[in-house]
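Structure data follow from run_19.pdb (PDB, C-alpha atoms):
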```pdb
ATOM      1  CA  MET A   1       0.000   0.000   0.000
ATOM      2  CA  THR A   2       1.349   3.401  -0.991
ATOM      3  CA  THR A   3       1.907   5.770   1.909
ATOM      4  CA  LEU A   4       1.227   9.486   1.869
ATOM      5  CA  LEU A   5       4.960  10.277   2.026
ATOM      6  CA  GLU A   6       5.695   8.041  -0.956
ATOM      7  CA  THR A   7       2.972   9.803  -2.920
ATOM      8  CA  ARG A   8       4.501  13.139  -2.027
ATOM      9  CA  TYR A   9       7.973  12.018  -3.087
ATOM     10  CA  ARG A  10       6.644  10.758  -6.404
ATOM     11  CA  THR A  11       4.915  14.104  -6.923
ATOM     12  CA  VAL A  12       8.213  15.927  -6.362
ATOM     13  CA  LEU A  13      10.012  13.521  -8.706
ATOM     14  CA  ARG A  14       7.647  14.523 -11.491
ATOM     15  CA  LEU A  15       9.896  17.558 -11.857
ATOM     16  CA  LEU A  16      12.372  15.199 -13.531
ATOM     17  CA  PRO A  17      12.107  14.450 -17.258
ATOM     18  CA  ALA A  18      10.336  11.233 -18.207
ATOM     19  CA  TYR A  19      13.479   9.424 -19.404
ATOM     20  CA  TYR A  20      15.187   9.977 -16.046
ATOM     21  CA  ARG A  21      12.152   8.869 -14.032
ATOM     22  CA  ARG A  22      11.879   5.668 -16.022
ATOM     23  CA  ASP A  23      15.419   4.697 -15.093
ATOM     24  CA  ARG A  24      15.769   6.042 -11.550
ATOM     25  CA  GLU A  25      12.405   6.815  -9.931
ATOM     26  CA  GLU A  26      11.933   3.526  -8.084
ATOM     27  CA  GLU A  27      15.509   3.557  -6.820
ATOM     28  CA  MET A  28      15.198   7.144  -5.609
ATOM     29  CA  VAL A  29      11.906   6.499  -3.810
ATOM     30  CA  GLU A  30      13.420   3.459  -2.117
ATOM     31  CA  VAL A  31      16.375   5.523  -0.892
ATOM     32  CA  TYR A  32      14.108   8.288   0.435
ATOM     33  CA  LEU A  33      11.944   5.815   2.369
ATOM     34  CA  TRP A  34      14.749   3.480   3.476
ATOM     35  CA  ASP A  35      14.859   4.082   7.239
ATOM     36  CA  LEU A  36      11.331   5.388   7.888
ATOM     37  CA  ASP A  37       8.547   3.273   9.370
ATOM     38  CA  ARG A  38       5.058   3.438   7.916
ATOM     39  CA  GLU A  39       3.569   5.490  10.748
ATOM     40  CA  THR A  40       6.229   8.128  10.319
ATOM     41  CA  GLN A  41       5.703   8.116   6.565
ATOM     42  CA  ASP A  42       2.032   9.036   6.957
ATOM     43  CA  GLN A  43       2.981  12.111   8.994
ATOM     44  CA  SER A  44       5.992  13.366   7.039
ATOM     45  CA  ARG A  45       6.721  15.231   3.839
ATOM     46  CA  PRO A  46       9.833  15.828   1.695
ATOM     47  CA  THR A  47      12.214  18.362   3.194
ATOM     48  CA  LEU A  48      12.979  21.655   1.494
ATOM     49  CA  GLY A  49      16.522  20.441   0.844
ATOM     50  CA  GLU A  50      15.264  17.304  -0.865
ATOM     51  CA  VAL A  51      12.900  19.320  -3.078
ATOM     52  CA  ALA A  52      15.710  21.730  -3.994
ATOM     53  CA  SER A  53      17.995  18.791  -4.795
ATOM     54  CA  VAL A  54      15.403  17.249  -7.116
ATOM     55  CA  ALA A  55      14.800  20.628  -8.779
ATOM     56  CA  ALA A  56      18.545  21.032  -9.427
ATOM     57  CA  LEU A  57      18.692  17.498 -10.806
ATOM     58  CA  ALA A  58      15.738  18.314 -13.063
ATOM     59  CA  VAL A  59      17.669  21.228 -14.545
ATOM     60  CA  ARG A  60      20.842  19.158 -15.038
ATOM     61  CA  SER A  61      18.986  16.284 -16.659
ATOM     62  CA  ARG A  62      17.151  18.600 -19.068
ATOM     63  CA  LEU A  63      20.307  20.531 -19.990
ATOM     64  CA  ALA A  64      22.198  17.309 -20.459
ATOM     65  CA  ALA A  65      25.614  16.671 -21.958
ATOM     66  CA  THR A  66      25.780  12.906 -22.625
ATOM     67  CA  GLY A  67      23.736   9.842 -21.827
ATOM     68  CA  ALA A  68      20.378  11.531 -22.371
ATOM     69  CA  PRO A  69      17.927  11.523 -25.286
ATOM     70  CA  ARG A  70      18.953  13.686 -28.231
ATOM     71  CA  PRO A  71      16.584  16.640 -27.585
ATOM     72  CA  TYR A  72      17.974  17.173 -24.080
ATOM     73  CA  VAL A  73      21.594  16.958 -25.250
ATOM     74  CA  LEU A  74      20.927  19.493 -28.013
ATOM     75  CA  LEU A  75      19.087  21.794 -25.613
ATOM     76  CA  GLY A  76      21.957  21.684 -23.153
ATOM     77  CA  SER A  77      24.498  22.453 -25.865
ATOM     78  CA  ALA A  78      22.438  25.371 -27.195
ATOM     79  CA  VAL A  79      21.956  26.928 -23.750
ATOM     80  CA  ARG A  80      25.669  26.614 -22.932
ATOM     81  CA  ASN A  81      26.662  28.271 -26.207
ATOM     82  CA  PHE A  82      24.065  31.009 -25.707
ATOM     83  CA  ALA A  83      25.458  31.768 -22.254
ATOM     84  CA  LEU A  84      29.052  31.806 -23.502
ATOM     85  CA  PHE A  85      28.360  34.113 -26.472
ATOM     86  CA  ALA A  86      26.196  36.470 -24.442
ATOM     87  CA  VAL A  87      28.734  36.731 -21.623
ATOM     88  CA  LEU A  88      31.456  37.543 -24.179
ATOM     89  CA  LEU A  89      29.278  40.312 -25.615
ATOM     90  CA  GLN A  90      28.502  41.747 -22.177
ATOM     91  CA  ALA A  91      32.161  41.577 -21.135
ATOM     92  CA  ALA A  92      33.403  43.469 -24.171
ATOM     93  CA  ALA A  93      30.609  46.041 -23.909
ATOM     94  CA  ALA A  94      31.389  46.761 -20.241
ATOM     95  CA  VAL A  95      35.114  47.236 -20.836
ATOM     96  CA  VAL A  96      34.745  49.338 -23.999
ATOM     97  CA  ASP A  97      32.125  51.609 -22.454
ATOM     98  CA  ARG A  98      34.278  52.356 -19.419
ATOM     99  CA  VAL A  99      37.503  52.792 -21.342
ATOM    100  CA  LEU A 100      35.916  55.262 -23.761
ATOM    101  CA  THR A 101      34.129  57.126 -20.977
ATOM    102  CA  LEU A 102      37.340  57.525 -18.976
ATOM    103  CA  THR A 103      39.279  58.525 -22.071
ATOM    104  CA  TRP A 104      36.739  61.152 -23.078
ATOM    105  CA  SER A 105      36.336  62.557 -19.552
ATOM    106  CA  SER A 106      40.066  62.804 -18.893
ATOM    107  CA  THR A 107      41.073  64.338 -22.236
ATOM    108  CA  HIS A 108      38.397  66.987 -22.822
ATOM    109  CA  GLY A 109      39.154  69.380 -20.024
ATOM    110  CA  PRO A 110      38.280  69.855 -16.333
ATOM    111  CA  ARG A 111      34.585  70.407 -17.024
ATOM    112  CA  ASP A 112      34.030  66.968 -18.501
ATOM    113  CA  TRP A 113      36.081  65.344 -15.740
ATOM    114  CA  ASP A 114      34.089  67.197 -13.054
ATOM    115  CA  MET A 115      30.851  65.993 -14.664
ATOM    116  CA  PHE A 116      32.135  62.423 -14.554
ATOM    117  CA  VAL A 117      33.199  62.643 -10.902
ATOM    118  CA  SER A 118      29.973  64.367  -9.857
ATOM    119  CA  GLY A 119      28.082  61.266 -10.892
ATOM    120  CA  PHE A 120      29.665  59.511  -7.912
ATOM    121  CA  THR A 121      29.807  62.370  -5.403
ATOM    122  CA  GLY A 122      27.168  64.960  -6.216
ATOM    123  CA  ARG A 123      23.875  63.289  -5.255
ATOM    124  CA  GLY A 124      24.306  61.814  -1.805
ATOM    125  CA  VAL A 125      25.661  58.615  -0.332
ATOM    126  CA  LEU A 126      23.029  56.233  -1.732
ATOM    127  CA  HIS A 127      23.404  57.461  -5.287
ATOM    128  CA  GLY A 128      27.181  57.433  -4.930
ATOM    129  CA  VAL A 129      27.203  53.806  -3.803
ATOM    130  CA  VAL A 130      24.774  52.806  -6.550
ATOM    131  CA  GLU A 131      26.774  54.670  -9.198
ATOM    132  CA  ALA A 132      30.005  53.032  -8.025
ATOM    133  CA  ALA A 133      28.354  49.594  -8.135
ATOM    134  CA  THR A 134      26.846  50.313 -11.554
ATOM    135  CA  TRP A 135      30.271  51.337 -12.793
ATOM    136  CA  THR A 136      32.322  48.468 -11.338
ATOM    137  CA  LEU A 137      30.088  45.395 -11.147
ATOM    138  CA  PRO A 138      29.562  44.987 -14.936
ATOM    139  CA  LEU A 139      33.336  44.532 -15.272
ATOM    140  CA  LEU A 140      32.758  41.136 -13.671
ATOM    141  CA  TRP A 141      31.339  39.969 -17.013
ATOM    142  CA  THR A 142      34.966  39.863 -18.149
ATOM    143  CA  VAL A 143      35.966  37.856 -15.082
ATOM    144  CA  ALA A 144      33.091  35.459 -15.764
ATOM    145  CA  PHE A 145      34.052  34.996 -19.417
ATOM    146  CA  PHE A 146      37.661  34.060 -18.758
ATOM    147  CA  ALA A 147      36.798  32.055 -15.633
ATOM    148  CA  LEU A 148      34.300  30.001 -17.622
ATOM    149  CA  LEU A 149      36.794  29.251 -20.398
ATOM    150  CA  HIS A 150      39.345  28.192 -17.769
ATOM    151  CA  ASP A 151      36.700  25.925 -16.194
ATOM    152  CA  ARG A 152      36.416  27.967 -12.988
ATOM    153  CA  ARG A 153      32.663  27.509 -12.853
ATOM    154  CA  ARG A 154      31.968  28.737  -9.323
ATOM    155  CA  LEU A 155      33.828  31.964 -10.007
ATOM    156  CA  ALA A 156      31.987  32.372 -13.303
ATOM    157  CA  ARG A 157      28.579  31.853 -11.654
ATOM    158  CA  ALA A 158      29.257  34.328  -8.863
ATOM    159  CA  SER A 159      30.636  36.877 -11.321
ATOM    160  CA  VAL A 160      27.670  36.847 -13.714
ATOM    161  CA  LEU A 161      25.138  37.171 -10.913
ATOM    162  CA  LEU A 162      26.971  40.162  -9.459
ATOM    163  CA  ALA A 163      27.520  41.694 -12.904
ATOM    164  CA  ALA A 164      23.791  41.537 -13.688
ATOM    165  CA  LEU A 165      22.693  43.234 -10.446
ATOM    166  CA  PRO A 166      22.893  46.857 -11.721
ATOM    167  CA  THR A 167      20.153  46.146 -14.274
ATOM    168  CA  LEU A 168      17.685  45.836 -11.377
ATOM    169  CA  TRP A 169      18.298  49.387 -10.132
ATOM    170  CA  PRO A 170      15.915  51.059 -12.663
ATOM    171  CA  PHE A 171      13.109  49.028 -11.050
ATOM    172  CA  ILE A 172      14.216  49.412  -7.420
ATOM    173  CA  GLY A 173      15.554  52.983  -7.566
ATOM    174  CA  PRO A 174      12.223  54.812  -7.997
ATOM    175  CA  MET A 175      10.858  52.980  -4.935
ATOM    176  CA  VAL A 176      13.698  53.872  -2.549
ATOM    177  CA  SER A 177      14.944  57.200  -3.913
ATOM    178  CA  GLU A 178      13.979  60.143  -6.069
ATOM    179  CA  LEU A 179      15.251  58.447  -9.209
ATOM    180  CA  THR A 180      13.065  59.194 -12.203
ATOM    181  CA  PRO A 181      11.563  55.980 -13.597
ATOM    182  CA  SER A 182      13.226  54.972 -16.847
ATOM    183  CA  ASP A 183      11.457  53.646 -19.896
ATOM    184  CA  PRO A 184       9.998  50.304 -18.702
ATOM    185  CA  TRP A 185      10.450  48.497 -22.015
ATOM    186  CA  PHE A 186      14.117  49.399 -22.327
ATOM    187  CA  ALA A 187      14.803  48.669 -18.651
ATOM    188  CA  THR A 188      13.105  45.281 -18.989
ATOM    189  CA  SER A 189      14.934  44.375 -22.199
ATOM    190  CA  THR A 190      18.363  45.279 -20.765
ATOM    191  CA  ALA A 191      17.581  43.305 -17.619
ATOM    192  CA  LEU A 192      16.679  40.303 -19.771
ATOM    193  CA  LEU A 193      19.913  40.700 -21.761
ATOM    194  CA  ALA A 194      21.826  40.449 -18.495
ATOM    195  CA  TRP A 195      19.826  37.924 -16.482
ATOM    196  CA  LEU A 196      18.953  35.362 -19.145
ATOM    197  CA  PRO A 197      22.639  34.665 -19.948
ATOM    198  CA  ALA A 198      23.523  34.755 -16.242
ATOM    199  CA  LEU A 199      20.858  32.204 -15.345
ATOM    200  CA  ALA A 200      21.665  30.131 -18.438
ATOM    201  CA  LEU A 201      25.310  29.959 -17.377
ATOM    202  CA  CYS A 202      24.420  28.949 -13.831
ATOM    203  CA  ALA A 203      21.994  26.271 -15.004
ATOM    204  CA  ALA A 204      23.718  24.812 -18.067
ATOM    205  CA  TYR A 205      27.328  24.661 -16.861
ATOM    206  CA  HIS A 206      26.547  22.138 -14.146
ATOM    207  CA  ARG A 207      28.969  19.556 -12.837
ATOM    208  CA  ASP A 208      28.192  17.073 -15.621
ATOM    209  CA  ALA A 209      28.572  19.612 -18.439
ATOM    210  CA  PRO A 210      31.679  19.730 -20.636
ATOM    211  CA  ALA A 211      34.149  22.581 -20.374
ATOM    212  CA  ALA A 212      33.295  25.744 -22.282
ATOM    213  CA  GLU A 213      34.940  26.103 -25.682
ATOM    214  CA  LEU A 214      34.741  28.851 -28.274
ATOM    215  CA  PRO A 215      33.992  27.691 -31.840
ATOM    216  CA  LEU A 216      36.654  29.995 -33.315
ATOM    217  CA  GLY A 217      39.841  31.467 -31.850
ATOM    218  CA  SER A 218      41.266  31.746 -28.370
ATOM    219  CA  PRO A 219      39.452  33.526 -25.498
ATOM    220  CA  GLY A 220      41.818  36.498 -25.619
ATOM    221  CA  LEU A 221      41.524  36.873 -29.376
ATOM    222  CA  ALA A 222      37.724  36.647 -29.294
ATOM    223  CA  PHE A 223      37.494  39.211 -26.497
ATOM    224  CA  ALA A 224      39.914  41.576 -28.235
ATOM    225  CA  ALA A 225      38.120  41.302 -31.582
ATOM    226  CA  CYS A 226      34.738  41.913 -29.984
ATOM    227  CA  SER A 227      36.089  44.919 -28.079
ATOM    228  CA  VAL A 228      37.761  46.409 -31.169
ATOM    229  CA  VAL A 229      34.570  46.170 -33.226
ATOM    230  CA  MET A 230      32.525  47.778 -30.456
ATOM    231  CA  GLY A 231      35.049  50.528 -29.854
ATOM    232  CA  ALA A 232      35.404  51.293 -33.564
ATOM    233  CA  SER A 233      31.625  51.479 -33.985
ATOM    234  CA  LEU A 234      31.462  54.135 -31.258
ATOM    235  CA  VAL A 235      34.539  56.114 -32.310
ATOM    236  CA  VAL A 236      33.769  56.197 -36.031
ATOM    237  CA  LEU A 237      30.047  56.894 -35.553
ATOM    238  CA  PRO A 238      29.689  58.674 -32.188
ATOM    239  CA  ALA A 239      26.238  59.967 -33.155
ATOM    240  CA  MET A 240      24.989  56.343 -32.961
ATOM    241  CA  ALA A 241      26.147  55.818 -29.386
ATOM    242  CA  ASP A 242      23.096  54.518 -27.574
ATOM    243  CA  ALA A 243      23.138  51.490 -25.285
ATOM    244  CA  ALA A 244      22.264  49.015 -28.043
ATOM    245  CA  TRP A 245      24.466  50.222 -30.898
ATOM    246  CA  ALA A 246      27.879  48.755 -30.036
ATOM    247  CA  PRO A 247      26.738  45.284 -28.791
ATOM    248  CA  ALA A 248      24.403  44.870 -31.758
ATOM    249  CA  THR A 249      27.133  45.921 -34.220
ATOM    250  CA  SER A 250      29.590  43.482 -32.692
ATOM    251  CA  PHE A 251      27.004  40.697 -32.848
ATOM    252  CA  VAL A 252      26.207  41.361 -36.503
ATOM    253  CA  VAL A 253      29.893  41.362 -37.467
ATOM    254  CA  GLY A 254      30.672  38.281 -35.362
ATOM    255  CA  ALA A 255      27.676  36.272 -36.534
ATOM    256  CA  LEU A 256      28.374  37.096 -40.186
ATOM    257  CA  GLY A 257      31.998  36.069 -39.720
ATOM    258  CA  TRP A 258      30.916  32.799 -38.121
ATOM    259  CA  LEU A 259      28.491  32.067 -40.966
ATOM    260  CA  LEU A 260      31.208  32.683 -43.563
ATOM    261  CA  LEU A 261      33.918  30.676 -41.814
ATOM    262  CA  ARG A 262      31.719  27.699 -40.983
ATOM    263  CA  ARG A 263      31.324  26.980 -44.703
ATOM    264  CA  HIS A 264      35.030  26.108 -44.855
ATOM    265  CA  ARG A 265      35.040  23.906 -41.766
ATOM    266  CA  THR A 266      34.120  20.250 -41.810
ATOM    267  CA  ASP A 267      33.832  19.755 -38.031
ATOM    268  CA  ARG A 268      30.855  20.722 -35.944
ATOM    269  CA  SER A 269      32.585  21.084 -32.591
ATOM    270  CA  ALA A 270      30.337  23.938 -31.514
ATOM    271  CA  ALA A 271      27.102  21.996 -31.495
ATOM    272  CA  CYS A 272      23.965  24.151 -31.715
ATOM    273  CA  ALA A 273      26.017  27.345 -32.101
ATOM    274  CA  ALA A 274      23.620  28.620 -34.763
ATOM    275  CA  LEU A 275      20.644  28.096 -32.473
ATOM    276  CA  ALA A 276      22.447  29.894 -29.642
ATOM    277  CA  LEU A 277      23.351  32.808 -31.926
ATOM    278  CA  ALA A 278      19.770  33.015 -33.187
ATOM    279  CA  ALA A 279      18.485  33.253 -29.608
ATOM    280  CA  LEU A 280      21.043  35.930 -28.763
ATOM    281  CA  GLY A 281      20.202  37.820 -31.948
ATOM    282  CA  LEU A 282      16.510  37.802 -31.046
ATOM    283  CA  LEU A 283      17.316  39.122 -27.576
ATOM    284  CA  LEU A 284      19.482  41.910 -29.025
ATOM    285  CA  LEU A 285      16.735  42.749 -31.501
ATOM    286  CA  VAL A 286      14.342  43.277 -28.596
ATOM    287  CA  VAL A 287      16.876  45.604 -26.919
ATOM    288  CA  ARG A 288      17.445  47.473 -30.203
ATOM    289  CA  VAL A 289      13.718  48.059 -30.709
ATOM    290  CA  ALA A 290      13.207  49.063 -27.073
ATOM    291  CA  ALA A 291      16.067  51.594 -27.313
ATOM    292  CA  LEU A 292      14.730  53.084 -30.547
ATOM    293  CA  TYR A 293      10.993  53.138 -29.870
ATOM    294  CA  PRO A 294      10.840  56.111 -27.424
ATOM    295  CA  TRP A 295      12.628  58.329 -29.996
ATOM    296  CA  LEU A 296      10.433  57.599 -33.000
ATOM    297  CA  GLY A 297       8.222  60.644 -32.368
ATOM    298  CA  VAL A 298      11.140  62.986 -31.697
ATOM    299  CA  PRO A 299      13.037  64.923 -34.400
ATOM    300  CA  LEU A 300      16.355  63.117 -34.691
ATOM    301  CA  PRO A 301      19.384  63.395 -36.967
ATOM    302  CA  ALA A 302      18.830  61.353 -40.088
ATOM    303  CA  VAL A 303      22.101  59.474 -39.495
ATOM    304  CA  TYR A 304      20.895  58.195 -36.107
ATOM    305  CA  LEU A 305      17.435  57.201 -37.226
ATOM    306  CA  GLY A 306      18.684  55.614 -40.437
ATOM    307  CA  GLY A 307      21.500  53.791 -38.687
ATOM    308  CA  ALA A 308      19.251  52.479 -35.924
ATOM    309  CA  LEU A 309      16.590  51.308 -38.372
ATOM    310  CA  GLY A 310      19.253  49.718 -40.585
ATOM    311  CA  GLN A 311      20.742  47.915 -37.608
ATOM    312  CA  THR A 312      17.280  46.715 -36.593
ATOM    313  CA  ALA A 313      16.699  45.311 -40.073
ATOM    314  CA  ALA A 314      20.145  43.659 -40.098
ATOM    315  CA  LEU A 315      19.506  42.032 -36.727
ATOM    316  CA  ALA A 316      16.106  40.768 -37.819
ATOM    317  CA  LEU A 317      17.413  39.331 -41.103
ATOM    318  CA  LEU A 318      20.468  37.767 -39.479
ATOM    319  CA  THR A 319      18.364  36.187 -36.739
ATOM    320  CA  VAL A 320      16.117  34.593 -39.368
ATOM    321  CA  VAL A 321      19.139  33.288 -41.300
ATOM    322  CA  LEU A 322      20.661  31.843 -38.131
ATOM    323  CA  ALA A 323      17.358  30.183 -37.251
ATOM    324  CA  VAL A 324      17.251  28.538 -40.691
ATOM    325  CA  VAL A 325      20.866  27.365 -40.339
ATOM    326  CA  ALA A 326      20.097  26.055 -36.854
ATOM    327  CA  ARG A 327      17.141  24.085 -38.157
ATOM    328  CA  ARG A 328      19.311  22.482 -40.846
ATOM    329  CA  ASP A 329      22.057  21.691 -38.338
ATOM    330  CA  LEU A 330      19.615  20.068 -35.941
ATOM    331  CA  ALA A 331      18.036  18.027 -38.719
ATOM    332  CA  ALA A 332      21.501  16.769 -39.760
ATOM    333  CA  ARG A 333      22.512  15.670 -36.274
TER     334      ARG A 333
END
```
Before anything else, please render the file you have as structure tokens.
Amino acid sequence: MTTLLETRYRTVLRLLPAYYRRDREEEMVEVYLWDLDRETQDQSRPTLGEVASVAALAVRSRLAATGAPRPYVLLGSAVRNFALFAVLLQAAAAVVDRVLTLTWSSTHGPRDWDMFVSGFTGRGVLHGVVEAATWTLPLLWTVAFFALLHDRRRLARASVLLAALPTLWPFIGPMVSELTPSDPWFATSTALLAWLPALALCAAYHRDAPAAELPLGSPGLAFAACSVVMGASLVVLPAMADAAWAPATSFVVGALGWLLLRRHRTDRSAACAALALAALGLLLLVVRVAALYPWLGVPLPAVYLGGALGQTAALALLTVVLAVVARRDLAAR
């Protein structure tokens, strides 16, 4: 006769994918009930730690690496590549933005430098602390990128979670200070661009996952190339410098380069890379549209409006192409 506790355990185990339950459910239930008598079983329930452990196992088994059905292996590979590419993009964007800001502020006279410093000191302690955190924490994207590629997974997880924290301030700030609420669509899209890769990294690079590996080039070369493209896009076209311009430009250039080079490669070491790039492209497209939308009714320089609309179209077209390539790759595997 099934006890109430056994029923509860089986309910919790339904978090696991069907293939895993078929192989391990009976064994797991037996272990959970091993040293409990029937009277105790009718008065007990799974502990919070046991539920959390099953939930973590459910994530690992769905974002699998080997030994799982094909859809779960492909999903795990795609999520890991998405996290890696997105963290690279965030890392380069954080470094380039701060280097150019410091360069501009320190080379254009005392007035510009005073304006930069006043952002940390001119609005009270709370705003100073928040500004310092907003300035420094995103640099941890770079730490996360190199830590992940050197298989330092705990460091990478901690770094991405800390690096993503500043994107929550536009939601929290108006509730605890006099901060003017920002555009909700843009704030939400930038938060998604930070938190989706951060959570994907934490979930997909579990203990059973393979080490991270870039499809092309070394980590240093990839980071340098991404940074150079972003920096050049801002220096050559400073009128285009909104929050979405440089990351989207770097993505377009990098994705086009990957599509061209993959035609001359016979290996498919970066499984599901096209699917990961398509997902990242869609996310960047959302950020691009959210950054542009509030300005559509405002008189703007033709170069900005034309460039932003052109970049939006390029992102949309490239995302569709990557989705088609991903579908072909998945069908061939």
Assuming the chain letters and numbering stay as they are in my file, what does the PyMOL selection byres ((chain A and resi 59-69) around 7) actually select? List them as a PyMOL selection string.
chain A and resi 17+55-58+70-73+75-76+203-204+206+208-210
Any chance you can output those residues with C-alpha atoms as a compact mmCIF listing (two decimals), keeping the file's coordinate frame?
```txt
# COMPACT_ATOMS: atom_id res chain seq x y z
CA PRO A 17 12.11 14.45 -17.26
CA ALA A 55 14.80 20.63 -8.78
CA ALA A 56 18.55 21.03 -9.43
CA LEU A 57 18.69 17.50 -10.81
CA ALA A 58 15.74 18.31 -13.06
CA ARG A 70 18.95 13.69 -28.23
CA PRO A 71 16.58 16.64 -27.58
CA TYR A 72 17.97 17.17 -24.08
CA VAL A 73 21.59 16.96 -25.25
CA LEU A 75 19.09 21.79 -25.61
CA GLY A 76 21.96 21.68 -23.15
CA ALA A 203 21.99 26.27 -15.00
CA ALA A 204 23.72 24.81 -18.07
CA HIS A 206 26.55 22.14 -14.15
CA ASP A 208 28.19 17.07 -15.62
CA ALA A 209 28.57 19.61 -18.44
CA PRO A 210 31.68 19.73 -20.64
```
Interatomic distance (Å, one decimal) between CA of Ala198 in chain A and CA of Ala83 in chain A
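Separating CA of Ala198 in chain A from CA of Ala83 in chain A is a distance of 7.0 Å.
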May I ask for the distance between CA of Leu237 in chain A and CA of Leu256 in chain A, given in Å to one decimal place?
20.4 Å
On this structure, the PyMOL selection byres ((chain A and resi 182-190) around 6) would catch which residues? List them as a short mmCIF file (atom, residue, chain, number, x, y, z; two decimals) with C-alpha atoms, keeping the file's coordinate frame, sorted by chain and number.
```cif
data_model
loop_
_atom_site.label_atom_id
_atom_site.label_comp_id
_atom_site.auth_asym_id
_atom_site.auth_seq_id
_atom_site.Cartn_x
_atom_site.Cartn_y
_atom_site.Cartn_z
CA PRO A 181 11.56 55.98 -13.60
CA ALA A 191 17.58 43.30 -17.62
CA LEU A 192 16.68 40.30 -19.77
CA LEU A 193 19.91 40.70 -21.76
CA VAL A 287 16.88 45.60 -26.92
CA ALA A 290 13.21 49.06 -27.07
CA ALA A 291 16.07 51.59 -27.31
#
```
Using only C-alpha atoms, collect all residues at a distance of at most 10 Å from (31.0, 48.8, -12.1) as written in the file, then present them as a list in words.
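The residues near that point, listed by chain and number, are Ala94, Val95, Arg98, Val130, Glu131, Ala132, Ala133, Thr134, Trp135, Thr136, Leu137, Pro138, Leu139, Leu140, Leu162, Ala163 and Pro166 of chain A.
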Counting all atoms listed in the file, the option among A:Leu148, A:Ala241, A:Leu216, A:Ala255 closest to Ala276 in chain A
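The answer is A:Ala255, which sits nearest to Ala276 in chain A.
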Quick one: of A:Pro299, A:Pro197, A:Pro238, A:Gly257, who's nearest to Leu84 in chain A, counting only C-alpha atoms?
A:Pro197
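Using the PyMOL selection byres ((chain A and resi 329) around 10) on this structure selects Arg268, Ala271, Cys272, Ala273, Ala274, Leu275, Ala323, Val324, Val325, Ala326, Arg327, Arg328, Leu330, Ala331, Ala332 and Arg333 of chain A.
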Computed gap from CA of Arg45 in chain A to CA of Arg8 in chain A is 6.6 Å
Shortest interatomic distance to Gly231 in chain A - which of A:Thr103, A:Thr121, A:Thr7, A:Thr2, counting only C-alpha atoms
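Closest residue, counting only C-alpha atoms: A:Thr103.
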Which polymer residues, protein or nucleic acid, are no farther than 12 Å from (13.0, 13.3, 0.3), counting all atoms listed in the file, as a PyMOL selection string?
chain A and resi 5-13+28-36+41+44-55
Set the distance at 7 Å and use all atoms listed in the file: which residues neighbour Ala93 in chain A once local chain neighbours fewer than 4 positions away are removed? I'd like the list as a tab-separated table (two decimals) with C-alpha atoms, in the coordinates of the input.
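And here is the file that came out, out_4.tsv:
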```tsv
chain	number	residue	atom	x	y	z
A	89	LEU	CA	29.28	40.31	-25.62
A	97	ASP	CA	32.12	51.61	-22.45
A	227	SER	CA	36.09	44.92	-28.08
A	247	PRO	CA	26.74	45.28	-28.79
```
Residue among A:Leu102, A:Asp112, A:Leu292, A:Leu280 lying closest to Ala194 in chain A, counting all atoms listed in the file
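Using all atoms listed in the file, Ala194 in chain A sits closest to A:Leu280.
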Taking all atoms of range 139-150 of chain A that the file lists and extending 3 Å past them on each side, where is the centre of the axis-aligned box and how long are its edges? Answer in Å to one decimal, as AutoDock Vina command-line options.
```
--center_x 35.3 --center_y 36.4 --center_z -17.0 --size_x 14.0 --size_y 22.3 --size_z 12.7
```
Would you list the contacts of Gly119 in chain A as a PDB file with C-alpha atoms, in the frame of the given file, taking every protein, DNA or RNA residue within 8 Å and counting all atoms listed in the file, but skipping same-chain residues closer than 3 positions in sequence?
```pdb
ATOM      1  CA  MET A 115      30.851  65.993 -14.664  1.00  0.00           C
ATOM      2  CA  PHE A 116      32.135  62.423 -14.554  1.00  0.00           C
ATOM      3  CA  GLY A 122      27.168  64.960  -6.216  1.00  0.00           C
ATOM      4  CA  ARG A 123      23.875  63.289  -5.255  1.00  0.00           C
ATOM      5  CA  GLY A 128      27.181  57.433  -4.930  1.00  0.00           C
ATOM      6  CA  GLU A 131      26.774  54.670  -9.198  1.00  0.00           C
TER       7      GLU A 131
END
```
Which one is closest to Leu201 in chain A: A:His108, A:Arg154, A:Ala302, A:Val252? Count only C-alpha atoms.
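Comparing A:His108, A:Arg154, A:Ala302, A:Val252 against Leu201 in chain A, the winner is A:Arg154.
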Between A:Val176, A:Leu318, A:Ala200, A:Ala313, which is the closest to Ala86 in chain A once you count all atoms listed in the file?
A:Ala200
